[in-house]
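Listing of entry-v7.cif; format and content: mmCIF, C-alpha atoms and all ligand atoms.
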data_protein
#
loop_
_atom_site.label_atom_id
_atom_site.label_comp_id
_atom_site.auth_asym_id
_atom_site.auth_seq_id
_atom_site.Cartn_x
_atom_site.Cartn_y
_atom_site.Cartn_z
CA MET H 1 32.10 -53.82 10.78
CA SER H 2 34.02 -53.40 14.01
CA ARG H 3 33.10 -55.33 17.12
CA PHE H 4 32.21 -51.99 18.73
CA LEU H 5 29.29 -50.99 16.50
CA SER H 6 26.01 -50.72 18.42
CA LYS H 7 23.80 -53.69 17.66
CA GLU H 8 20.97 -51.53 16.41
CA TYR H 9 23.08 -50.54 13.38
CA ALA H 10 24.40 -53.98 12.51
CA ALA H 11 21.71 -54.61 9.90
CA LEU H 12 21.42 -51.02 8.65
CA LYS H 13 21.43 -50.84 4.86
CA GLU H 14 22.93 -47.48 4.00
CA TYR H 15 21.96 -45.33 1.03
CA ILE H 16 24.14 -45.90 -2.04
CA PRO H 17 24.72 -42.62 -3.90
CA GLY H 18 25.09 -42.58 -7.68
CA GLU H 19 28.63 -43.03 -8.94
CA GLN H 20 30.94 -40.01 -8.75
CA PRO H 21 33.81 -41.57 -10.73
CA GLN H 22 37.22 -39.92 -10.68
CA ASP H 23 38.92 -42.35 -13.10
CA ARG H 24 37.95 -40.86 -16.46
CA LYS H 25 35.80 -38.13 -17.94
CA TYR H 26 32.22 -39.18 -18.51
CA ILE H 27 29.19 -37.44 -19.89
CA LYS H 28 27.65 -37.51 -16.46
CA LEU H 29 23.90 -38.05 -16.58
CA ASN H 30 23.48 -40.14 -13.44
CA THR H 31 22.86 -37.94 -10.38
CA ASN H 32 20.50 -35.22 -11.60
CA GLU H 33 22.97 -32.39 -11.20
CA SER H 34 22.54 -29.26 -13.29
CA PRO H 35 24.80 -29.08 -16.35
CA TYR H 36 25.04 -25.32 -15.83
CA PRO H 37 27.31 -23.62 -13.28
CA PRO H 38 25.96 -21.40 -10.47
CA SER H 39 25.18 -17.79 -11.44
CA PRO H 40 28.00 -15.19 -11.47
CA LYS H 41 26.94 -13.57 -8.17
CA THR H 42 26.67 -16.98 -6.55
CA GLN H 43 30.26 -17.71 -7.54
CA ASP H 44 31.47 -14.26 -6.48
CA ALA H 45 29.94 -14.76 -3.02
CA ILE H 46 32.56 -17.44 -2.32
CA SER H 47 35.23 -14.74 -2.34
CA ARG H 48 38.60 -14.44 -0.69
CA ASP H 49 36.95 -12.15 1.89
CA ALA H 50 34.36 -14.78 2.65
CA ALA H 51 37.08 -17.41 2.95
CA ALA H 52 39.02 -15.19 5.37
CA LYS H 53 36.04 -15.32 7.73
CA LEU H 54 36.15 -19.10 7.94
CA CYS H 55 37.93 -18.74 11.28
CA LEU H 56 34.51 -17.77 12.68
CA TYR H 57 31.53 -20.09 13.06
CA SER H 58 28.65 -19.57 10.65
CA ASP H 59 25.39 -17.97 11.84
CA PRO H 60 23.58 -20.96 13.39
CA GLU H 61 20.23 -19.28 12.62
CA SER H 62 21.14 -18.54 8.98
CA ARG H 63 19.18 -15.30 9.42
CA ALA H 64 20.10 -13.55 6.16
CA LEU H 65 19.46 -16.67 4.13
CA LYS H 66 16.11 -17.36 5.79
CA GLU H 67 15.02 -13.76 5.22
CA GLY H 68 16.03 -14.00 1.57
CA LEU H 69 14.09 -17.24 1.11
CA ALA H 70 11.08 -15.85 2.98
CA ASP H 71 11.04 -12.76 0.72
CA LEU H 72 11.35 -14.74 -2.50
CA TYR H 73 8.71 -17.32 -1.60
CA GLY H 74 6.23 -15.10 0.25
CA VAL H 75 6.42 -16.64 3.72
CA THR H 76 7.83 -15.42 7.06
CA PRO H 77 11.39 -16.30 8.15
CA ARG H 78 9.92 -18.37 11.00
CA GLN H 79 8.27 -20.62 8.41
CA VAL H 80 11.67 -21.41 6.86
CA PHE H 81 14.19 -24.06 7.82
CA VAL H 82 17.62 -24.48 6.18
CA SER H 83 20.02 -27.35 6.53
CA ASN H 84 23.01 -29.19 5.08
CA GLY H 85 21.22 -30.53 2.00
CA SER H 86 17.61 -31.63 1.88
CA ASP H 87 18.67 -35.16 2.84
CA ASP H 88 19.45 -33.63 6.23
CA ILE H 89 15.94 -32.18 6.45
CA LEU H 90 14.33 -35.47 5.46
CA ASN H 91 16.39 -37.23 8.12
CA PHE H 92 15.20 -34.74 10.76
CA ALA H 93 11.60 -35.08 9.57
CA PHE H 94 11.61 -38.88 9.92
CA MET H 95 13.19 -38.51 13.37
CA ALA H 96 10.85 -35.76 14.56
CA PHE H 97 7.52 -36.87 13.10
CA GLY H 98 7.71 -40.59 12.37
CA LYS H 99 8.69 -42.41 15.53
CA ASP H 100 5.30 -42.49 17.30
CA VAL H 101 3.07 -42.94 14.26
CA GLY H 102 5.16 -44.79 11.67
CA ALA H 103 5.72 -43.65 8.11
CA CYS H 104 4.41 -44.44 4.66
CA TYR H 105 5.88 -43.92 1.23
CA ALA H 106 5.75 -45.48 -2.23
CA ASP H 107 7.62 -48.64 -3.27
CA ILE H 108 9.24 -46.79 -6.16
CA THR H 109 10.51 -43.46 -4.85
CA TYR H 110 13.59 -41.75 -3.45
CA GLY H 111 15.86 -44.47 -2.07
CA PHE H 112 16.72 -42.56 1.07
CA TYR H 113 13.24 -42.85 2.67
CA PRO H 114 13.60 -46.52 3.64
CA VAL H 115 17.10 -45.82 4.96
CA PHE H 116 15.83 -43.08 7.29
CA ALA H 117 12.95 -45.29 8.42
CA GLN H 118 15.36 -48.09 9.26
CA LEU H 119 17.89 -45.75 10.89
CA HIS H 120 15.23 -44.45 13.29
CA HIS H 121 13.42 -47.78 13.78
CA ILE H 122 10.27 -46.39 12.25
CA ASP H 123 7.57 -48.82 11.17
CA ALA H 124 7.04 -48.21 7.45
CA ARG H 125 4.09 -48.99 5.22
CA VAL H 126 5.34 -49.26 1.67
CA ILE H 127 2.56 -48.49 -0.81
CA PRO H 128 3.02 -49.84 -4.37
CA LEU H 129 2.66 -47.36 -7.20
CA SER H 130 0.03 -48.30 -9.78
CA ALA H 131 1.08 -50.32 -12.84
CA ASP H 132 1.67 -47.10 -14.81
CA PHE H 133 3.86 -45.76 -11.97
CA THR H 134 1.33 -43.14 -10.88
CA LEU H 135 0.70 -42.67 -7.18
CA PRO H 136 -2.53 -44.29 -5.88
CA ILE H 137 -3.88 -41.18 -4.14
CA ALA H 138 -6.55 -42.89 -2.03
CA GLU H 139 -3.99 -45.16 -0.38
CA PHE H 140 -2.09 -42.13 0.86
CA CYS H 141 -5.23 -40.62 2.46
CA HIS H 142 -6.27 -41.28 6.10
CA THR H 143 -3.03 -43.13 6.88
CA GLY H 144 -2.49 -41.99 10.47
CA ARG H 145 1.22 -41.98 9.57
CA LEU H 146 3.96 -39.61 8.56
CA VAL H 147 3.46 -39.41 4.79
CA VAL H 148 6.50 -38.83 2.59
CA ILE H 149 6.02 -38.12 -1.11
CA ALA H 150 8.49 -36.89 -3.71
CA ASN H 151 6.69 -34.57 -6.15
CA PRO H 152 7.70 -34.95 -8.93
CA ASN H 153 8.56 -38.50 -7.95
CA ALA H 154 12.02 -39.94 -8.42
CA PRO H 155 13.09 -41.86 -10.39
CA THR H 156 9.89 -41.82 -12.45
CA GLY H 157 9.59 -38.03 -12.96
CA ILE H 158 5.79 -38.23 -12.68
CA ALA H 159 4.11 -35.32 -10.87
CA LEU H 160 0.93 -34.98 -8.81
CA SER H 161 -1.42 -32.05 -9.31
CA LEU H 162 -1.86 -29.52 -6.51
CA ALA H 163 -5.41 -30.82 -5.96
CA GLU H 164 -4.08 -34.37 -5.46
CA VAL H 165 -1.45 -33.17 -3.00
CA GLU H 166 -4.10 -31.18 -1.13
CA GLU H 167 -6.34 -34.23 -0.83
CA ILE H 168 -3.50 -36.13 0.82
CA VAL H 169 -2.58 -33.27 3.16
CA ARG H 170 -6.22 -32.62 4.11
CA SER H 171 -6.97 -36.26 4.82
CA ASN H 172 -4.00 -36.75 7.17
CA PRO H 173 -4.71 -33.91 9.62
CA ASP H 174 -3.03 -35.53 12.63
CA THR H 175 0.31 -36.40 11.06
CA VAL H 176 2.91 -34.54 9.05
CA VAL H 177 2.83 -34.80 5.26
CA VAL H 178 6.25 -34.20 3.70
CA ILE H 179 6.25 -33.11 0.07
CA ASP H 180 9.81 -33.48 -1.20
CA GLU H 181 10.03 -30.96 -4.04
CA ALA H 182 13.63 -31.55 -5.12
CA TYR H 183 12.51 -31.33 -8.78
CA VAL H 184 9.49 -29.03 -8.58
CA ASP H 185 11.16 -26.21 -10.57
CA PHE H 186 11.23 -28.41 -13.68
CA GLY H 187 7.50 -28.33 -14.22
CA ALA H 188 5.36 -29.37 -11.24
CA GLU H 189 3.05 -27.34 -9.00
CA SER H 190 4.47 -26.52 -5.57
CA ALA H 191 2.52 -27.34 -2.42
CA LEU H 192 3.77 -24.05 -0.97
CA ALA H 193 0.43 -22.49 -1.91
CA LEU H 194 -1.26 -24.80 0.63
CA LEU H 195 0.85 -23.63 3.56
CA PRO H 196 -1.62 -21.03 4.93
CA LYS H 197 -4.34 -23.70 5.10
CA TYR H 198 -2.57 -26.69 6.66
CA ASP H 199 -0.41 -26.86 9.79
CA ASN H 200 0.71 -30.45 9.02
CA LEU H 201 2.41 -29.71 5.68
CA LEU H 202 6.20 -29.73 5.31
CA VAL H 203 7.52 -28.70 1.89
CA VAL H 204 11.17 -29.68 1.35
CA ARG H 205 13.33 -28.07 -1.34
CA THR H 206 16.98 -28.11 -2.36
CA TYR H 207 19.59 -25.95 -4.08
CA SER H 208 21.16 -29.12 -5.50
CA LYS H 209 19.17 -29.48 -8.72
CA SER H 210 17.54 -26.34 -10.15
CA ARG H 211 20.04 -24.00 -8.45
CA SER H 212 23.21 -25.76 -9.63
CA MET H 213 24.64 -26.15 -6.13
CA ALA H 214 24.76 -29.89 -5.41
CA GLY H 215 28.31 -29.50 -4.11
CA ALA H 216 27.39 -26.73 -1.65
CA ARG H 217 24.90 -28.88 0.31
CA LEU H 218 21.97 -26.58 0.94
CA GLY H 219 18.39 -27.64 1.54
CA PHE H 220 15.46 -25.55 2.72
CA ALA H 221 11.93 -26.20 3.85
CA PHE H 222 8.64 -24.40 4.49
CA ALA H 223 6.05 -25.27 7.14
CA SER H 224 4.06 -23.89 10.04
CA GLU H 225 6.16 -22.16 12.71
CA ALA H 226 5.52 -25.07 15.07
CA ILE H 227 6.89 -27.67 12.65
CA ILE H 228 9.91 -25.48 11.90
CA SER H 229 10.65 -25.13 15.62
CA ASP H 230 10.54 -28.93 15.98
CA LEU H 231 13.10 -29.26 13.17
CA GLU H 232 15.25 -26.57 14.84
CA ARG H 233 15.14 -28.56 18.08
CA ILE H 234 16.57 -31.61 16.30
CA LYS H 235 19.16 -29.51 14.47
CA TYR H 236 20.34 -27.81 17.68
CA SER H 237 20.60 -31.26 19.25
CA THR H 238 22.90 -32.56 16.53
CA ASN H 239 24.86 -29.81 14.74
CA PRO H 240 23.82 -26.13 15.09
CA TYR H 241 26.39 -24.94 12.52
CA ASN H 242 25.34 -27.39 9.86
CA VAL H 243 25.16 -24.77 7.08
CA ASN H 244 28.66 -23.42 6.61
CA ARG H 245 29.55 -19.78 5.93
CA LEU H 246 30.41 -20.16 2.25
CA THR H 247 27.20 -22.04 1.56
CA GLN H 248 25.06 -19.45 3.37
CA ALA H 249 26.71 -16.67 1.34
CA ALA H 250 26.30 -18.51 -1.96
CA GLY H 251 22.72 -19.48 -1.14
CA LEU H 252 21.76 -15.87 -0.43
CA ALA H 253 23.49 -14.55 -3.55
CA ALA H 254 21.70 -17.12 -5.72
CA LEU H 255 18.35 -15.66 -4.65
CA SER H 256 19.31 -12.29 -6.11
CA GLU H 257 19.73 -13.86 -9.54
CA ASP H 258 16.68 -16.08 -9.51
CA GLY H 259 16.00 -15.32 -13.18
CA TYR H 260 19.29 -16.96 -14.16
CA TYR H 261 18.10 -20.19 -12.56
CA THR H 262 14.56 -20.07 -13.90
CA ASP H 263 16.03 -19.53 -17.40
CA ASN H 264 18.21 -22.60 -16.92
CA CYS H 265 15.16 -24.60 -15.87
CA LYS H 266 13.37 -23.54 -19.07
CA ARG H 267 16.41 -24.58 -21.08
CA ILE H 268 16.55 -27.96 -19.32
CA ILE H 269 12.82 -28.52 -19.91
CA ALA H 270 13.24 -27.79 -23.63
CA THR H 271 16.22 -30.16 -23.81
CA ARG H 272 14.22 -32.78 -21.92
CA GLU H 273 11.34 -32.68 -24.38
CA ARG H 274 13.69 -32.88 -27.39
CA THR H 275 15.51 -35.80 -25.80
CA ARG H 276 12.24 -37.52 -24.99
CA GLU H 277 11.10 -37.36 -28.61
CA ALA H 278 14.44 -38.70 -29.81
CA LEU H 279 14.30 -41.60 -27.33
CA VAL H 280 10.77 -42.47 -28.43
CA ALA H 281 11.98 -42.43 -32.06
CA LEU H 282 14.67 -44.95 -31.03
CA GLY H 283 11.95 -47.26 -29.68
CA PHE H 284 12.12 -46.36 -26.00
CA THR H 285 9.10 -46.14 -23.73
CA VAL H 286 9.59 -42.96 -21.71
CA LEU H 287 7.52 -41.95 -18.69
CA PRO H 288 6.08 -38.41 -18.73
CA SER H 289 8.61 -36.31 -16.79
CA SER H 290 8.19 -33.08 -14.86
CA ALA H 291 11.77 -33.31 -13.60
CA ASN H 292 15.32 -32.85 -14.94
CA PHE H 293 15.59 -36.49 -15.94
CA LEU H 294 13.84 -39.10 -18.08
CA PHE H 295 13.01 -42.67 -17.05
CA ALA H 296 13.17 -44.93 -20.08
CA THR H 297 13.03 -48.59 -21.07
CA HIS H 298 13.60 -50.43 -24.35
CA GLU H 299 12.06 -53.78 -25.21
CA LYS H 300 15.06 -54.98 -27.25
CA MET H 301 17.72 -54.59 -24.56
CA THR H 302 17.75 -54.92 -20.77
CA GLY H 303 18.17 -51.84 -18.62
CA GLU H 304 21.37 -53.28 -17.20
CA GLU H 305 22.90 -53.80 -20.64
CA ILE H 306 21.99 -50.32 -21.85
CA TYR H 307 23.56 -48.88 -18.70
CA ARG H 308 26.73 -50.96 -19.13
CA ARG H 309 27.18 -50.26 -22.85
CA LEU H 310 26.66 -46.53 -22.35
CA LYS H 311 29.22 -46.54 -19.56
CA GLU H 312 31.76 -48.29 -21.82
CA ASP H 313 31.10 -45.48 -24.29
CA GLY H 314 31.73 -42.80 -21.67
CA VAL H 315 28.12 -41.95 -20.76
CA LEU H 316 26.92 -42.50 -17.19
CA VAL H 317 23.23 -42.95 -16.49
CA ARG H 318 21.53 -44.37 -13.38
CA HIS H 319 20.37 -47.95 -13.30
CA PHE H 320 18.39 -49.33 -10.34
CA THR H 321 18.04 -53.02 -9.56
CA ALA H 322 14.61 -53.06 -7.85
CA PRO H 323 12.58 -55.66 -9.82
CA ARG H 324 9.80 -53.32 -10.99
CA ILE H 325 12.27 -50.87 -12.56
CA ALA H 326 15.26 -53.05 -13.43
CA ASN H 327 14.62 -52.56 -17.14
CA TYR H 328 14.65 -48.77 -16.89
CA ASN H 329 17.42 -46.23 -16.79
CA ARG H 330 17.17 -42.75 -15.35
CA ILE H 331 18.85 -40.26 -17.66
CA THR H 332 19.65 -36.81 -16.27
CA ILE H 333 19.11 -33.93 -18.69
CA GLY H 334 22.47 -32.36 -19.54
CA THR H 335 23.28 -29.70 -22.13
CA ASP H 336 21.90 -30.06 -25.66
CA GLU H 337 25.38 -31.11 -26.79
CA GLU H 338 25.64 -33.80 -24.11
CA MET H 339 22.24 -35.19 -25.02
CA THR H 340 23.11 -35.25 -28.72
CA GLN H 341 26.22 -37.29 -27.91
CA MET H 342 24.31 -39.61 -25.59
CA LEU H 343 21.68 -40.21 -28.30
CA ALA H 344 24.34 -40.88 -30.95
CA ARG H 345 25.95 -43.52 -28.73
CA LEU H 346 22.58 -45.06 -27.90
CA THR H 347 21.74 -45.24 -31.60
CA ASN H 348 24.97 -47.18 -32.21
CA ILE H 349 24.39 -49.50 -29.28
CA LEU H 350 20.87 -50.31 -30.46
CA LYS H 351 21.92 -50.85 -34.09
CA GLY H 352 23.35 -54.24 -33.15
CA THR H 353 19.92 -55.32 -31.91
CA GLN H 354 17.84 -54.39 -34.95
CA THR H 355 18.70 -57.57 -36.82
CA ILE H 356 17.83 -59.93 -33.95
C1 LIG P 401 18.46 -35.18 -4.93
C2 LIG P 401 17.29 -35.45 -4.04
C3 LIG P 401 17.30 -35.08 -2.70
C4 LIG P 401 18.57 -34.67 -2.00
O1 LIG P 401 18.99 -33.44 -2.24
P1 LIG P 401 20.18 -32.77 -1.43
O2 LIG P 401 19.62 -31.44 -1.11
O3 LIG P 401 21.33 -32.75 -2.36
O4 LIG P 401 20.45 -33.56 -0.17
C5 LIG P 401 16.15 -35.23 -1.96
N1 LIG P 401 15.04 -35.78 -2.50
C6 LIG P 401 15.01 -36.19 -3.77
C7 LIG P 401 13.77 -36.81 -4.30
C8 LIG P 401 16.14 -36.06 -4.57
O5 LIG P 401 16.13 -36.53 -5.82
#

Would you write out, as structure tokens, the structure that this file holds?
Amino acid sequence: MSRFLSKEYAALKEYIPGEQPQDRKYIKLNTNESPYPPSPKTQDAISRDAAAKLCLYSDPESRALKEGLADLYGVTPRQVFVSNGSDDILNFAFMAFGKDVGACYADITYGFYPVFAQLHHIDARVIPLSADFTLPIAEFCHTGRLVVIANPNAPTGIALSLAEVEEIVRSNPDTVVVIDEAYVDFGAESALALLPKYDNLLVVRTYSKSRSMAGARLGFAFASEAIISDLERIKYSTNPYNVNRLTQAAGLAALSEDGYYTDNCKRIIATRERTREALVALGFTVLPSSANFLFATHEKMTGEEIYRRLKEDGVLVRHFTAPRIANYNRITIGTDEEMTQMLARLTNILKGTQTI
């Protein structure tokens, strides 16, 4: 820390992203990326012609992209916001809707929420998940606060039903309810259907997981026109060109091949269920997942040791140190081949424990 840093940031605990190691080749199952590349048209959109236009600023309104998203999802372009990854949108949402009323979120959820709360000096009520890691719905009703929920939740993978989400949105009429749907395409119900009924709902999505574009940084969101204009106000006060030209072009092209991505989601779901059964056969307890990852624990070996041994064997998974989940690992669903290899290595690692 330099002696120049503003005091308000001296104690800030920044978000720690999952490892992106460059030292050796791993089977990389630690940051919930898609194992499949973007669709052909998505790749073609980042052409030499597109690159030649990089001398010009991107469209700050992302008009074509917003129209494409509006068409595909059945809303108007003025109900759509796009930004440099959904982390960017979540940051804006905490800033725009949390400062006066405070925020609330679960104890076990996306690790960025507490960082944004701290960054913006927002009073946060942290609500513990139930013992089985489900969300205690009643505690998220009538909060008087900005409510932030990942659905499906991370890192558990557990999803809420649309009726449960609606109860939370309906019972917090005077504050914004953010439903972070980073993983919704892998088997949960989207809150988008509730948009016509509720002006306090903000549905946040990303191209990073189900659309194979984590490296492009593209997030999008749906809400009432008024909420979208608030987010635009923050965006135009920080970085109007925050979605670059190549990303806008790729994002639009991806919408024209939506079937490619929905097929990949089906494939990932099938691989997930196969992997889940195999993990259970190895003695793991695995939470029910509606996402592109599994959250698993084994009674014969600590979460930390499983993580470490897998890493030695060239397989990266995500281990968290928070006490309630320290014995779990979050395993991203890769290709069938990657999962077969991961399971083979796990089988070997666990063999040593069977005799104890
Ligand atoms: C991955 C993830 C994000 C961030 O996505 P980006 O669009 O890549 O910034 C947001 N929320 C949750 C719950 C995530 O898992």

Closest atom pairs, chain H residues within 6 Å of ligand LIG 401 (chain P), all atoms listed in the file, as a Markdown table:
| residue | atom | partner | partner_atom | distance |
| --- | --- | --- | --- | --- |
| H:Gly85 | CA | P:LIG401 | O2 | 3.6 |
| H:Ser86 | CA | P:LIG401 | O2 | 3.6 |
| H:Asp87 | CA | P:LIG401 | O4 | 3.8 |
| H:Tyr110 | CA | P:LIG401 | C7 | 5.0 |
| H:Ala150 | CA | P:LIG401 | C7 | 5.3 |
| H:Ala154 | CA | P:LIG401 | C7 | 5.5 |
| H:Asp180 | CA | P:LIG401 | N1 | 5.9 |
| H:Ala182 | CA | P:LIG401 | C6 | 5.0 |
| H:Thr206 | CA | P:LIG401 | O2 | 4.4 |
| H:Ser208 | CA | P:LIG401 | O3 | 4.8 |
| H:Ala214 | CA | P:LIG401 | O3 | 5.4 |
| H:Arg217 | CA | P:LIG401 | O3 | 5.9 |
| H:Leu218 | CA | P:LIG401 | O2 | 5.8 |
| H:Gly219 | CA | P:LIG401 | O2 | 4.8 |

| message | Between CA of Thr143 (chain H) and CA of Ser171 (chain H), what distance in Å does the model show, to one decimal? | response |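 Going from CA of Thr143 (chain H) over to CA of Ser171 (chain H), I get 8.2 Å.
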
| task | May I ask which of the residues H:Leu255, H:Val176, H:Leu287, H:Leu119 is the closest one to Lys7 (chain H), counting only C-alpha atoms? | result |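 For Lys7 (chain H), the nearest of the given residues is H:Leu119.
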
| said: I'd like the neighbourhood of Ser83 (chain H) as a PyMOL selection string, where a residue qualifies if any of its atoms comes within 8 Å (using all atoms listed in the file), though same-chain residues fewer than 5 positions away should be ignored. | reply: chain H and resi 88-89+218-220+242-243

| For Glu257 (chain H), which residue out of H:Leu202, H:Ile333, H:Lys41, H:Arg24 is the nearest one, using only C-alpha atoms? | H:Lys41

| Selection: 12 Å around Ala10 (chain H), all atoms listed in the file, excl. self and same-chain fewer than 4 positions, as a ChimeraX atom specification | /H:1-6,14,118-119

| query | What gap, in Å, lies between CA of Tyr57 (chain H) and CA of Ala249 (chain H)? | reply |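 Pair CA of Tyr57 (chain H) / CA of Ala249 (chain H) returns 13.1 Å.
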
| note | CA of Asn172 (chain H) sits from CA of Gly157 (chain H) at a separation of 24.3 Å

| message | I'd like to know which of H:Ile46, H:Ala70, H:Val177, H:Phe140 is closest to Gly98 (chain H), using all atoms listed in the file. | response |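 Counting all atoms listed in the file, the residue closest to Gly98 (chain H) is H:Val177.
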
| field | Best match for closeness to Lys53 (chain H) among H:Leu246, H:Ala193, H:Leu252, H:Leu162, counting all atoms listed in the file | value |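 Ranked by minimum distance to Lys53 (chain H), first place goes to H:Leu246.
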
Where does region 103-216 of chain H meet region 317-325 of chain H within 12 Å, residue by residue, with the nearest atom pair and distance in Å to one decimal for each, counting only C-alpha atoms, listed by chain and rising number, as a Markdown table?
| residue | atom | partner | partner_atom | distance |
| --- | --- | --- | --- | --- |
| H:Asp107 | CA | H:Arg324 | CA | 9.3 |
| H:Ile108 | CA | H:Arg324 | CA | 8.1 |
| H:Thr109 | CA | H:Ile325 | CA | 10.8 |
| H:Tyr110 | CA | H:Phe320 | CA | 11.3 |
| H:Gly111 | CA | H:Phe320 | CA | 9.9 |
| H:Pro128 | CA | H:Arg324 | CA | 10.1 |
| H:Leu129 | CA | H:Arg324 | CA | 10.0 |
| H:Ser130 | CA | H:Arg324 | CA | 11.1 |
| H:Ala131 | CA | H:Arg324 | CA | 9.4 |
| H:Asp132 | CA | H:Arg324 | CA | 10.9 |
| H:Phe133 | CA | H:Arg324 | CA | 9.7 |
| H:Ala154 | CA | H:Phe320 | CA | 11.5 |
| H:Pro155 | CA | H:Phe320 | CA | 9.2 |
| H:Thr156 | CA | H:Ile325 | CA | 9.4 |

Let me see the file: selected residues, C-alpha atoms, as an mmCIF file, in the frame of the given file.
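Output (result.cif):
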data_model
loop_
_atom_site.group_PDB
_atom_site.id
_atom_site.type_symbol
_atom_site.label_atom_id
_atom_site.label_comp_id
_atom_site.auth_asym_id
_atom_site.auth_seq_id
_atom_site.Cartn_x
_atom_site.Cartn_y
_atom_site.Cartn_z
ATOM 1 C CA ASP H 107 7.620 -48.640 -3.270
ATOM 2 C CA ILE H 108 9.240 -46.790 -6.160
ATOM 3 C CA THR H 109 10.510 -43.460 -4.850
ATOM 4 C CA TYR H 110 13.590 -41.750 -3.450
ATOM 5 C CA GLY H 111 15.860 -44.470 -2.070
ATOM 6 C CA PRO H 128 3.020 -49.840 -4.370
ATOM 7 C CA LEU H 129 2.660 -47.360 -7.200
ATOM 8 C CA SER H 130 0.030 -48.300 -9.780
ATOM 9 C CA ALA H 131 1.080 -50.320 -12.840
ATOM 10 C CA ASP H 132 1.670 -47.100 -14.810
ATOM 11 C CA PHE H 133 3.860 -45.760 -11.970
ATOM 12 C CA ALA H 154 12.020 -39.940 -8.420
ATOM 13 C CA PRO H 155 13.090 -41.860 -10.390
ATOM 14 C CA THR H 156 9.890 -41.820 -12.450
#

| request: May I have the protein, DNA and RNA residues with an atom at most 8 Å from (19.8, -35.8, -11.8), counting only C-alpha atoms in the file's coordinates, returned as a VMD selection string? | output: chain H and resid 29 to 34 209 292 to 293 331 to 333

| Closest of H:Ile16, H:Ile27, H:Ala191, H:Ala11 to Leu316 (chain H) - atom-to-atom distances counting only C-alpha atoms | H:Ile27

List as a tab-separated table (two decimals) with C-alpha atoms, in the frame of the given file the protein and nucleic acid residues near Ser224 (chain H), meaning an atom at most 9 Å away when only C-alpha atoms are counted, but skip any in the same chain fewer than 2 places from it.
chain	number	residue	atom	x	y	z
H	78	ARG	CA	9.92	-18.37	11.00
H	79	GLN	CA	8.27	-20.62	8.41
H	80	VAL	CA	11.67	-21.41	6.86
H	195	LEU	CA	0.85	-23.63	3.56
H	196	PRO	CA	-1.62	-21.03	4.93
H	198	TYR	CA	-2.57	-26.69	6.66
H	199	ASP	CA	-0.41	-26.86	9.79
H	200	ASN	CA	0.71	-30.45	9.02
H	201	LEU	CA	2.41	-29.71	5.68
H	202	LEU	CA	6.20	-29.73	5.31
H	222	PHE	CA	8.64	-24.40	4.49
H	226	ALA	CA	5.52	-25.07	15.07
H	227	ILE	CA	6.89	-27.67	12.65
H	228	ILE	CA	9.91	-25.48	11.90
H	229	SER	CA	10.65	-25.13	15.62

| task | Identify the residues around (13.6, -35.4, 13.4) within a radius of 12 Å, measuring from only C-alpha atoms in the coordinates stated by the file, and give them as a VMD selection string. | result | chain H and resid 87 to 100 116 to 117 119 to 120 122 146 176 227 to 238

| task | Go through H:Val315, H:Val75, H:Met339, H:Leu56 and flag the residue nearest Pro21 (chain H), using only C-alpha atoms for the distances. | result |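 Closest to Pro21 (chain H) of all the choices is H:Val315.
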
Report as lines of an AutoDock Vina configuration file the centre and the edge lengths, in Å to one decimal, of the axis-aligned box holding every listed atom of region 107-125 of chain H, padded by 6 Å on each side.
center_x = 11.0
center_y = -45.4
center_z = 3.8
size_x = 25.8
size_y = 19.2
size_z = 31.9
